[in-house]
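Text of data37.cif (mmCIF, C-alpha atoms) as supplied:
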data_upload
#
loop_
_atom_site.group_PDB
_atom_site.id
_atom_site.type_symbol
_atom_site.label_atom_id
_atom_site.label_comp_id
_atom_site.auth_asym_id
_atom_site.auth_seq_id
_atom_site.Cartn_x
_atom_site.Cartn_y
_atom_site.Cartn_z
ATOM 1 C CA MET R 848 -13.970 7.157 -1.259
ATOM 2 C CA SER R 849 -11.830 9.088 1.177
ATOM 3 C CA ASN R 850 -8.448 10.681 1.078
ATOM 4 C CA VAL R 851 -5.719 9.762 3.504
ATOM 5 C CA PRO R 852 -4.734 12.446 6.028
ATOM 6 C CA PRO R 853 -1.158 13.722 5.673
ATOM 7 C CA ALA R 854 1.454 11.839 7.672
ATOM 8 C CA SER R 855 2.567 13.429 10.911
ATOM 9 C CA GLY R 856 5.880 11.553 10.958
ATOM 10 C CA PRO R 857 9.104 12.309 9.072
ATOM 11 C CA LEU R 858 8.600 13.762 5.623
ATOM 12 C CA SER R 859 10.327 12.687 2.449
ATOM 13 C CA ALA R 860 11.181 14.873 -0.505
ATOM 14 C CA ASN R 861 9.975 12.142 -2.883
ATOM 15 C CA PRO R 862 6.193 12.476 -3.455
ATOM 16 C CA LEU R 863 5.761 8.714 -3.887
ATOM 17 C CA THR R 864 7.594 7.955 -0.635
ATOM 18 C CA ARG R 865 5.473 10.579 1.132
ATOM 19 C CA ALA R 866 2.287 8.958 -0.208
ATOM 20 C CA VAL R 867 3.411 5.482 0.895
ATOM 21 C CA LEU R 868 4.212 6.748 4.387
ATOM 22 C CA GLU R 869 0.868 8.572 4.602
ATOM 23 C CA ILE R 870 -0.964 5.382 3.656
ATOM 24 C CA ASP R 871 1.120 3.338 6.108
ATOM 25 C CA GLU R 872 0.290 5.757 8.928
ATOM 26 C CA TYR R 873 -3.397 5.727 7.964
ATOM 27 C CA ALA R 874 -3.458 1.904 7.978
ATOM 28 C CA ALA R 875 -1.608 1.848 11.313
ATOM 29 C CA GLY R 876 -4.319 4.069 12.784
ATOM 30 C CA LEU R 877 -6.939 1.502 11.766
ATOM 31 C CA GLY R 878 -5.103 -1.287 13.592
ATOM 32 C CA TRP R 879 -4.049 -4.772 12.588
ATOM 33 C CA ASP R 880 -6.012 -7.705 11.179
ATOM 34 C CA ARG R 881 -7.608 -5.603 8.455
ATOM 35 C CA PRO R 882 -8.379 -6.508 4.858
ATOM 36 C CA ALA R 883 -6.249 -5.205 1.999
ATOM 37 C CA ARG R 884 -6.917 -1.599 0.992
ATOM 38 C CA LEU R 885 -6.506 -0.101 -2.478
ATOM 39 C CA PHE R 886 -5.746 3.558 -3.209
ATOM 40 C CA ALA R 887 -5.642 5.694 -6.323
ATOM 41 C CA LEU R 888 -2.799 8.219 -6.331
ATOM 42 C CA VAL R 889 -3.658 11.513 -7.978
ATOM 43 C CA ASP R 890 -1.569 14.609 -8.600
ATOM 44 C CA THR R 891 -2.832 17.080 -5.997
ATOM 45 C CA ALA R 892 -2.348 20.208 -8.149
ATOM 46 C CA ARG R 893 -4.121 18.563 -11.093
ATOM 47 C CA LEU R 894 -6.975 17.498 -8.808
ATOM 48 C CA ARG R 895 -7.398 21.075 -7.560
ATOM 49 C CA THR R 896 -7.482 22.394 -11.126
ATOM 50 C CA GLN R 897 -9.598 19.744 -12.851
ATOM 51 C CA GLU R 898 -11.899 18.685 -9.989
ATOM 52 C CA PRO R 899 -12.220 21.643 -7.605
ATOM 53 C CA GLY R 900 -15.427 20.262 -6.063
ATOM 54 C CA LEU R 901 -13.804 16.919 -5.262
ATOM 55 C CA ALA R 902 -10.665 18.687 -3.984
ATOM 56 C CA ALA R 903 -12.849 20.760 -1.648
ATOM 57 C CA GLN R 904 -14.694 17.634 -0.477
ATOM 58 C CA LEU R 905 -11.332 16.029 0.343
ATOM 59 C CA GLY R 906 -10.057 19.161 2.097
ATOM 60 C CA LEU R 907 -7.471 19.859 -0.609
ATOM 61 C CA ASP R 908 -8.961 23.024 -2.073
ATOM 62 C CA GLU R 909 -6.306 25.330 -0.632
ATOM 63 C CA GLU R 910 -2.549 25.082 -0.977
ATOM 64 C CA THR R 911 -0.629 25.554 2.228
ATOM 65 C CA GLU R 912 2.858 26.989 2.586
ATOM 66 C CA ASP R 913 4.205 23.889 4.318
ATOM 67 C CA ALA R 914 2.887 21.501 1.636
ATOM 68 C CA PRO R 915 5.468 20.514 -0.983
ATOM 69 C CA ALA R 916 4.779 21.631 -4.548
ATOM 70 C CA ALA R 917 4.728 18.137 -6.053
ATOM 71 C CA THR R 918 2.383 15.950 -4.031
ATOM 72 C CA LEU R 919 0.277 12.892 -4.589
ATOM 73 C CA THR R 920 -3.058 12.480 -2.862
ATOM 74 C CA PRO R 921 -4.014 8.902 -1.928
ATOM 75 C CA ILE R 922 -7.736 8.265 -2.374
ATOM 76 C CA GLU R 923 -9.026 5.041 -0.864
ATOM 77 C CA GLN R 924 -11.116 2.932 -3.198
ATOM 78 C CA ASP R 925 -14.059 0.706 -2.387
ATOM 79 C CA GLU R 926 -13.395 -2.365 -0.292
ATOM 80 C CA LEU R 927 -11.783 -5.254 -2.142
ATOM 81 C CA PRO R 928 -13.957 -8.340 -2.701
ATOM 82 C CA ALA R 929 -13.423 -10.755 0.195
ATOM 83 C CA ASN R 930 -13.646 -14.013 -1.755
ATOM 84 C CA THR R 931 -11.456 -13.065 -4.719
ATOM 85 C CA PRO R 932 -7.707 -13.770 -4.617
ATOM 86 C CA LEU R 933 -5.732 -10.530 -4.692
ATOM 87 C CA ASP R 934 -3.903 -11.341 -7.936
ATOM 88 C CA GLU R 935 -7.183 -12.102 -9.706
ATOM 89 C CA PHE R 936 -8.752 -8.885 -8.442
ATOM 90 C CA LEU R 937 -5.780 -6.751 -9.511
ATOM 91 C CA ALA R 938 -5.986 -8.272 -12.995
ATOM 92 C CA THR R 939 -9.464 -6.719 -13.371
ATOM 93 C CA ILE R 940 -8.413 -3.116 -12.640
ATOM 94 C CA ALA R 941 -7.984 -0.408 -15.257
ATOM 95 C CA TRP R 942 -7.328 3.141 -14.057
ATOM 96 C CA PRO R 943 -8.520 6.324 -15.788
ATOM 97 C CA ASP R 944 -5.875 8.717 -17.151
ATOM 98 C CA ALA R 945 -6.339 11.111 -14.199
ATOM 99 C CA VAL R 946 -4.839 8.504 -11.859
ATOM 100 C CA ALA R 947 -1.059 8.944 -11.643
ATOM 101 C CA GLY R 948 -0.490 5.782 -9.647
ATOM 102 C CA CYS R 949 -1.968 3.332 -7.201
ATOM 103 C CA ALA R 950 -1.108 1.763 -3.870
ATOM 104 C CA LEU R 951 -2.130 -1.260 -1.893
ATOM 105 C CA THR R 952 -1.715 -2.061 1.762
ATOM 106 C CA VAL R 953 -1.910 -5.698 2.790
ATOM 107 C CA GLU R 954 -0.983 -7.792 5.826
ATOM 108 C CA ARG R 955 0.965 -11.006 5.444
ATOM 109 C CA LEU R 956 3.081 -13.511 7.352
ATOM 110 C CA MET R 957 6.739 -13.555 6.357
ATOM 111 C CA LEU R 958 9.712 -15.695 7.250
ATOM 112 C CA PRO R 959 13.362 -14.643 7.435
ATOM 113 C CA PRO R 960 15.580 -15.887 4.592
ATOM 114 C CA SER R 961 17.174 -18.361 7.020
ATOM 115 C CA ALA R 962 13.880 -20.300 7.156
ATOM 116 C CA GLU R 963 13.977 -21.165 3.448
ATOM 117 C CA GLY R 964 16.296 -24.106 4.048
ATOM 118 C CA SER R 965 13.772 -25.829 6.294
ATOM 119 C CA MET R 966 10.810 -25.396 3.923
ATOM 120 C CA PRO R 967 9.345 -28.738 2.821
ATOM 121 C CA GLU R 968 9.327 -29.322 -0.919
ATOM 122 C CA GLY R 969 6.230 -29.899 -3.022
ATOM 123 C CA LEU R 970 3.779 -27.841 -0.962
ATOM 124 C CA ASN R 971 0.841 -26.269 -2.725
ATOM 125 C CA GLU R 972 -0.148 -22.685 -1.910
ATOM 126 C CA LYS R 973 -2.554 -23.641 0.870
ATOM 127 C CA GLN R 974 -0.075 -26.032 2.490
ATOM 128 C CA LEU R 975 2.707 -23.447 2.281
ATOM 129 C CA ALA R 976 0.507 -20.817 3.969
ATOM 130 C CA ALA R 977 -0.291 -23.265 6.784
ATOM 131 C CA TRP R 978 3.398 -24.153 7.211
ATOM 132 C CA VAL R 979 4.381 -20.458 7.389
ATOM 133 C CA ALA R 980 1.566 -19.737 9.893
ATOM 134 C CA LYS R 981 2.958 -22.391 12.247
ATOM 135 C CA HIS R 982 6.639 -21.502 11.823
ATOM 136 C CA PRO R 983 8.226 -20.172 15.056
ATOM 137 C CA GLU R 984 10.149 -17.429 13.186
ATOM 138 C CA ARG R 985 7.139 -16.008 11.337
ATOM 139 C CA GLN R 986 6.617 -12.253 11.392
ATOM 140 C CA GLU R 987 3.357 -10.420 10.807
ATOM 141 C CA VAL R 988 3.931 -7.486 8.469
ATOM 142 C CA ARG R 989 1.909 -4.773 6.813
ATOM 143 C CA MET R 990 3.187 -3.935 3.360
ATOM 144 C CA THR R 991 2.222 -0.764 1.557
ATOM 145 C CA VAL R 992 3.297 -0.766 -2.068
ATOM 146 C CA ALA R 993 2.792 2.072 -4.539
ATOM 147 C CA VAL R 994 3.552 2.417 -8.222
ATOM 148 C CA LEU R 995 3.274 5.276 -10.659
ATOM 149 C CA ARG R 996 2.060 5.113 -14.217
ATOM 150 C CA ASP R 997 5.568 6.187 -15.325
ATOM 151 C CA GLY R 998 7.174 3.191 -13.572
ATOM 152 C CA GLY R 999 8.137 4.706 -10.211
ATOM 153 C CA ARG R 1000 7.848 2.351 -7.235
ATOM 154 C CA GLU R 1001 8.007 2.584 -3.474
ATOM 155 C CA ALA R 1002 7.131 0.343 -0.548
ATOM 156 C CA ALA R 1003 6.872 0.512 3.221
ATOM 157 C CA VAL R 1004 7.014 -2.534 5.485
ATOM 158 C CA ARG R 1005 5.946 -2.442 9.137
ATOM 159 C CA LEU R 1006 6.452 -5.383 11.503
ATOM 160 C CA ARG R 1007 3.631 -5.953 13.944
ATOM 161 C CA GLU R 1008 6.092 -6.536 16.781
ATOM 162 C CA LYS R 1009 7.745 -3.156 16.043
ATOM 163 C CA ASP R 1010 4.570 -1.201 15.331
ATOM 164 C CA SER R 1011 6.026 2.297 15.326
ATOM 165 C CA PRO R 1012 6.359 4.971 12.611
ATOM 166 C CA THR R 1013 10.095 5.111 13.338
ATOM 167 C CA GLU R 1014 10.452 1.382 12.591
ATOM 168 C CA VAL R 1015 8.968 1.426 9.068
ATOM 169 C CA LEU R 1016 11.330 0.191 6.373
ATOM 170 C CA THR R 1017 11.004 1.891 2.973
ATOM 171 C CA GLY R 1018 12.490 1.153 -0.427
ATOM 172 C CA ALA R 1019 11.577 0.731 -4.060
ATOM 173 C CA GLY R 1020 12.501 -2.971 -4.250
ATOM 174 C CA LEU R 1021 11.079 -4.336 -0.997
ATOM 175 C CA VAL R 1022 8.019 -6.100 -2.448
ATOM 176 C CA PRO R 1023 8.771 -6.572 -6.158
ATOM 177 C CA GLY R 1024 6.012 -9.105 -6.929
ATOM 178 C CA LEU R 1025 3.256 -6.872 -5.598
ATOM 179 C CA ALA R 1026 4.774 -3.842 -7.331
ATOM 180 C CA GLU R 1027 4.691 -5.785 -10.630
ATOM 181 C CA ALA R 1028 1.040 -6.717 -10.098
ATOM 182 C CA LEU R 1029 0.117 -3.095 -9.364
ATOM 183 C CA SER R 1030 2.095 -1.858 -12.384
ATOM 184 C CA ALA R 1031 0.127 -4.253 -14.571
ATOM 185 C CA THR R 1032 -3.060 -2.329 -13.688
ATOM 186 C CA PHE R 1033 -1.686 0.486 -15.885
ATOM 187 C CA ALA R 1034 -0.866 -1.735 -18.874
ATOM 188 C CA GLU R 1035 -2.744 -0.750 -21.974
#

Structure encoded using structure tokens:
Amino acid sequence: MSNVPPASGPLSANPLTRAVLEIDEYAAGLGWDRPARLFALVDTARLRTQEPGLAAQLGLDEETEDAPAATLTPIEQDELPANTPLDEFLATIAWPDAVAGCALTVERLMLPPSAEGSMPEGLNEKQLAAWVAKHPERQEVRMTVAVLRDGGREAAVRLREKDSPTEVLTGAGLVPGLAEALSATFAE
């Protein structure tokens, strides 16, 4: 378990957007071709109050003047099981009340909307993945999606060919299916 260092790039006033950008920058520092990574998002002030030892271990024991009042601290979880489909794994997660949200970073191949017209019909999941992998317009992307227990959502998408912090696209509705799956981990 480790926390993600604060982002050095542009800062956002929205704590969830800040957390997503911090995780994106952390993942970018690890390089491409990495497995999916799961993070718990905890309220930093609550962590300092309720778990001062853990806050100290994570380097969060002191508030700084330049840190915004409302922040979320991403804490990386154990590695995801390699042989379990992501949707099946997410269906097994239940977060404790102290976790305000969660985030996932995952790499995928994507096609532009214009490629949909040339997609063969009747492909199963494996065949579709193979077809996308061979498509000349495919793009490798890293998606970081975060959700809060209260329903807040945010995502960051980074293209491998434009691997720069200034080229990261953010928005709440960028990866709705993954956001739904993460939100389901908070269902009671």

Query raised in the report: Could you state the separation of CA of Val979 in chain R and CA of Ala1019 in chain R in Å, given to one decimal place?
Result: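 Atom-to-atom, CA of Val979 in chain R to CA of Ala1019 in chain R, that is 25.1 Å.
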
Requested in this report: Can you pull out every residue within 6 Å of Gly1018 in chain R, counting all atoms listed in the file, but drop anything in the same chain fewer than 2 positions away, and send it as number ranges by chain?
Outcome: R: 1001-1002, 1020-1021

Got time to write the residues from that selection, C-alpha atoms, as a JSON list (two decimals), in the frame of the given file?
[["chain", "number", "residue", "atom", "x", "y", "z"],
["R", 1001, "GLU", "CA", 8.01, 2.58, -3.47],
["R", 1002, "ALA", "CA", 7.13, 0.34, -0.55],
["R", 1020, "GLY", "CA", 12.50, -2.97, -4.25],
["R", 1021, "LEU", "CA", 11.08, -4.34, -1.00]]

**Report entry** Shell of 6 Å around range 945-951 of chain R, all atoms listed in the file, local chain residues under 5 positions omitted, as a PyMOL selection string
**Finding:** chain R and resi 884-889+991-996

Residues in the PyMOL selection byres ((chain R and resi 990) around 8), expressed as a compact mmCIF listing (two decimals) with C-alpha atoms, keeping the file's coordinate frame:
# COMPACT_ATOMS: atom_id res chain seq x y z
CA LEU R 951 -2.13 -1.26 -1.89
CA THR R 952 -1.72 -2.06 1.76
CA VAL R 953 -1.91 -5.70 2.79
CA GLU R 954 -0.98 -7.79 5.83
CA ARG R 955 0.96 -11.01 5.44
CA VAL R 988 3.93 -7.49 8.47
CA ARG R 989 1.91 -4.77 6.81
CA THR R 991 2.22 -0.76 1.56
CA VAL R 992 3.30 -0.77 -2.07
CA ALA R 1002 7.13 0.34 -0.55
CA ALA R 1003 6.87 0.51 3.22
CA VAL R 1004 7.01 -2.53 5.48
CA ARG R 1005 5.95 -2.44 9.14
CA VAL R 1022 8.02 -6.10 -2.45

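The space separating CA of Leu1025 in chain R from CA of Arg1000 in chain R comes to 10.4 Å.
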
**Report entry** Selection result of the PyMOL selection byres ((chain R and resi 956) around 6) on this file, as a PyMOL selection string
**Finding:** chain R and resi 955+957+986-987

Query raised in the report: On this structure, which residues satisfy the PyMOL selection byres ((chain R and resi 926-940) around 9), written as a list in words?
Result: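 What the PyMOL selection byres ((chain R and resi 926-940) around 9) grabs from the file is Pro882, Ala883, Arg884, Leu885, Glu923, Gln924, Asp925, Ala941, Trp942, Leu1025, Ala1028, Leu1029, Ala1031, Thr1032 and Phe1033 of chain R.
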
Requested in this report: Could you jot down the CA of Pro967 in chain R to CA of Ala980 in chain R separation for me, Å, one decimal place?
Outcome: 13.8 Å

Report task. Find the residue from R:Leu1016, R:Asn861, R:Ala962, R:Arg1007 that sits nearest to Asp880 in chain R; use only C-alpha atoms when measuring. Result ->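 Comparing R:Leu1016, R:Asn861, R:Ala962, R:Arg1007 against Asp880 in chain R, the winner is R:Arg1007.
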
Report summary line: Using all atoms listed in the file, the residue out of R:Thr891, R:Lys981, R:Asp871, R:Pro959 with shortest distance to Ala903 in chain R is R:Thr891

**Report entry** Residue among R:Thr918, R:Trp879, R:Ser1030, R:Arg865 lying closest to Glu1008 in chain R, counting all atoms listed in the file
**Finding:** R:Trp879

Can you give me N, CA and C atoms for range 915-937 of chain R, written as a PDB file, in the frame of the given file?
ATOM      1  N   PRO R 915       4.550  20.492   0.150  1.00  0.00           N
ATOM      2  CA  PRO R 915       5.468  20.514  -0.983  1.00  0.00           C
ATOM      3  C   PRO R 915       4.727  20.730  -2.296  1.00  0.00           C
ATOM      4  N   ALA R 916       5.409  21.299  -3.268  1.00  0.00           N
ATOM      5  CA  ALA R 916       4.779  21.631  -4.548  1.00  0.00           C
ATOM      6  C   ALA R 916       4.293  20.380  -5.280  1.00  0.00           C
ATOM      7  N   ALA R 917       5.101  19.360  -5.334  1.00  0.00           N
ATOM      8  CA  ALA R 917       4.728  18.137  -6.053  1.00  0.00           C
ATOM      9  C   ALA R 917       4.231  17.105  -5.055  1.00  0.00           C
ATOM     10  N   THR R 918       2.919  16.929  -4.958  1.00  0.00           N
ATOM     11  CA  THR R 918       2.383  15.950  -4.031  1.00  0.00           C
ATOM     12  C   THR R 918       1.397  15.026  -4.730  1.00  0.00           C
ATOM     13  N   LEU R 919       1.257  13.870  -4.142  1.00  0.00           N
ATOM     14  CA  LEU R 919       0.277  12.892  -4.589  1.00  0.00           C
ATOM     15  C   LEU R 919      -0.744  12.731  -3.473  1.00  0.00           C
ATOM     16  N   THR R 920      -2.005  12.681  -3.841  1.00  0.00           N
ATOM     17  CA  THR R 920      -3.058  12.480  -2.862  1.00  0.00           C
ATOM     18  C   THR R 920      -3.569  11.055  -2.983  1.00  0.00           C
ATOM     19  N   PRO R 921      -3.443  10.249  -1.918  1.00  0.00           N
ATOM     20  CA  PRO R 921      -4.014   8.902  -1.928  1.00  0.00           C
ATOM     21  C   PRO R 921      -5.522   8.977  -1.687  1.00  0.00           C
ATOM     22  N   ILE R 922      -6.284   8.314  -2.525  1.00  0.00           N
ATOM     23  CA  ILE R 922      -7.736   8.265  -2.374  1.00  0.00           C
ATOM     24  C   ILE R 922      -8.139   6.797  -2.269  1.00  0.00           C
ATOM     25  N   GLU R 923      -8.660   6.437  -1.106  1.00  0.00           N
ATOM     26  CA  GLU R 923      -9.026   5.041  -0.864  1.00  0.00           C
ATOM     27  C   GLU R 923     -10.192   4.647  -1.747  1.00  0.00           C
ATOM     28  N   GLN R 924     -10.085   3.472  -2.327  1.00  0.00           N
ATOM     29  CA  GLN R 924     -11.116   2.932  -3.198  1.00  0.00           C
ATOM     30  C   GLN R 924     -12.077   2.061  -2.388  1.00  0.00           C
ATOM     31  N   ASP R 925     -13.105   1.593  -3.048  1.00  0.00           N
ATOM     32  CA  ASP R 925     -14.059   0.706  -2.387  1.00  0.00           C
ATOM     33  C   ASP R 925     -13.341  -0.530  -1.868  1.00  0.00           C
ATOM     34  N   GLU R 926     -13.959  -1.171  -0.894  1.00  0.00           N
ATOM     35  CA  GLU R 926     -13.395  -2.365  -0.292  1.00  0.00           C
ATOM     36  C   GLU R 926     -13.180  -3.454  -1.347  1.00  0.00           C
ATOM     37  N   LEU R 927     -12.086  -4.171  -1.213  1.00  0.00           N
ATOM     38  CA  LEU R 927     -11.783  -5.254  -2.142  1.00  0.00           C
ATOM     39  C   LEU R 927     -12.709  -6.436  -1.863  1.00  0.00           C
ATOM     40  N   PRO R 928     -13.079  -7.180  -2.906  1.00  0.00           N
ATOM     41  CA  PRO R 928     -13.957  -8.340  -2.701  1.00  0.00           C
ATOM     42  C   PRO R 928     -13.281  -9.389  -1.814  1.00  0.00           C
ATOM     43  N   ALA R 929     -13.992  -9.852  -0.811  1.00  0.00           N
ATOM     44  CA  ALA R 929     -13.423 -10.755   0.195  1.00  0.00           C
ATOM     45  C   ALA R 929     -13.081 -12.139  -0.353  1.00  0.00           C
ATOM     46  N   ASN R 930     -13.836 -12.634  -1.294  1.00  0.00           N
ATOM     47  CA  ASN R 930     -13.646 -14.013  -1.755  1.00  0.00           C
ATOM     48  C   ASN R 930     -12.860 -14.134  -3.056  1.00  0.00           C
ATOM     49  N   THR R 931     -12.230 -13.036  -3.485  1.00  0.00           N
ATOM     50  CA  THR R 931     -11.456 -13.065  -4.719  1.00  0.00           C
ATOM     51  C   THR R 931      -9.974 -12.956  -4.380  1.00  0.00           C
ATOM     52  N   PRO R 932      -9.152 -13.888  -4.862  1.00  0.00           N
ATOM     53  CA  PRO R 932      -7.707 -13.770  -4.617  1.00  0.00           C
ATOM     54  C   PRO R 932      -7.183 -12.425  -5.116  1.00  0.00           C
ATOM     55  N   LEU R 933      -6.245 -11.862  -4.390  1.00  0.00           N
ATOM     56  CA  LEU R 933      -5.732 -10.530  -4.692  1.00  0.00           C
ATOM     57  C   LEU R 933      -5.207 -10.418  -6.114  1.00  0.00           C
ATOM     58  N   ASP R 934      -4.454 -11.410  -6.581  1.00  0.00           N
ATOM     59  CA  ASP R 934      -3.903 -11.341  -7.936  1.00  0.00           C
ATOM     60  C   ASP R 934      -5.004 -11.332  -8.988  1.00  0.00           C
ATOM     61  N   GLU R 935      -6.059 -12.097  -8.759  1.00  0.00           N
ATOM     62  CA  GLU R 935      -7.183 -12.102  -9.706  1.00  0.00           C
ATOM     63  C   GLU R 935      -7.902 -10.764  -9.703  1.00  0.00           C
ATOM     64  N   PHE R 936      -8.094 -10.177  -8.528  1.00  0.00           N
ATOM     65  CA  PHE R 936      -8.752  -8.885  -8.442  1.00  0.00           C
ATOM     66  C   PHE R 936      -7.932  -7.805  -9.146  1.00  0.00           C
ATOM     67  N   LEU R 937      -6.624  -7.769  -8.881  1.00  0.00           N
ATOM     68  CA  LEU R 937      -5.780  -6.751  -9.511  1.00  0.00           C
ATOM     69  C   LEU R 937      -5.802  -6.869 -11.028  1.00  0.00           C
TER      70      LEU R 937
END
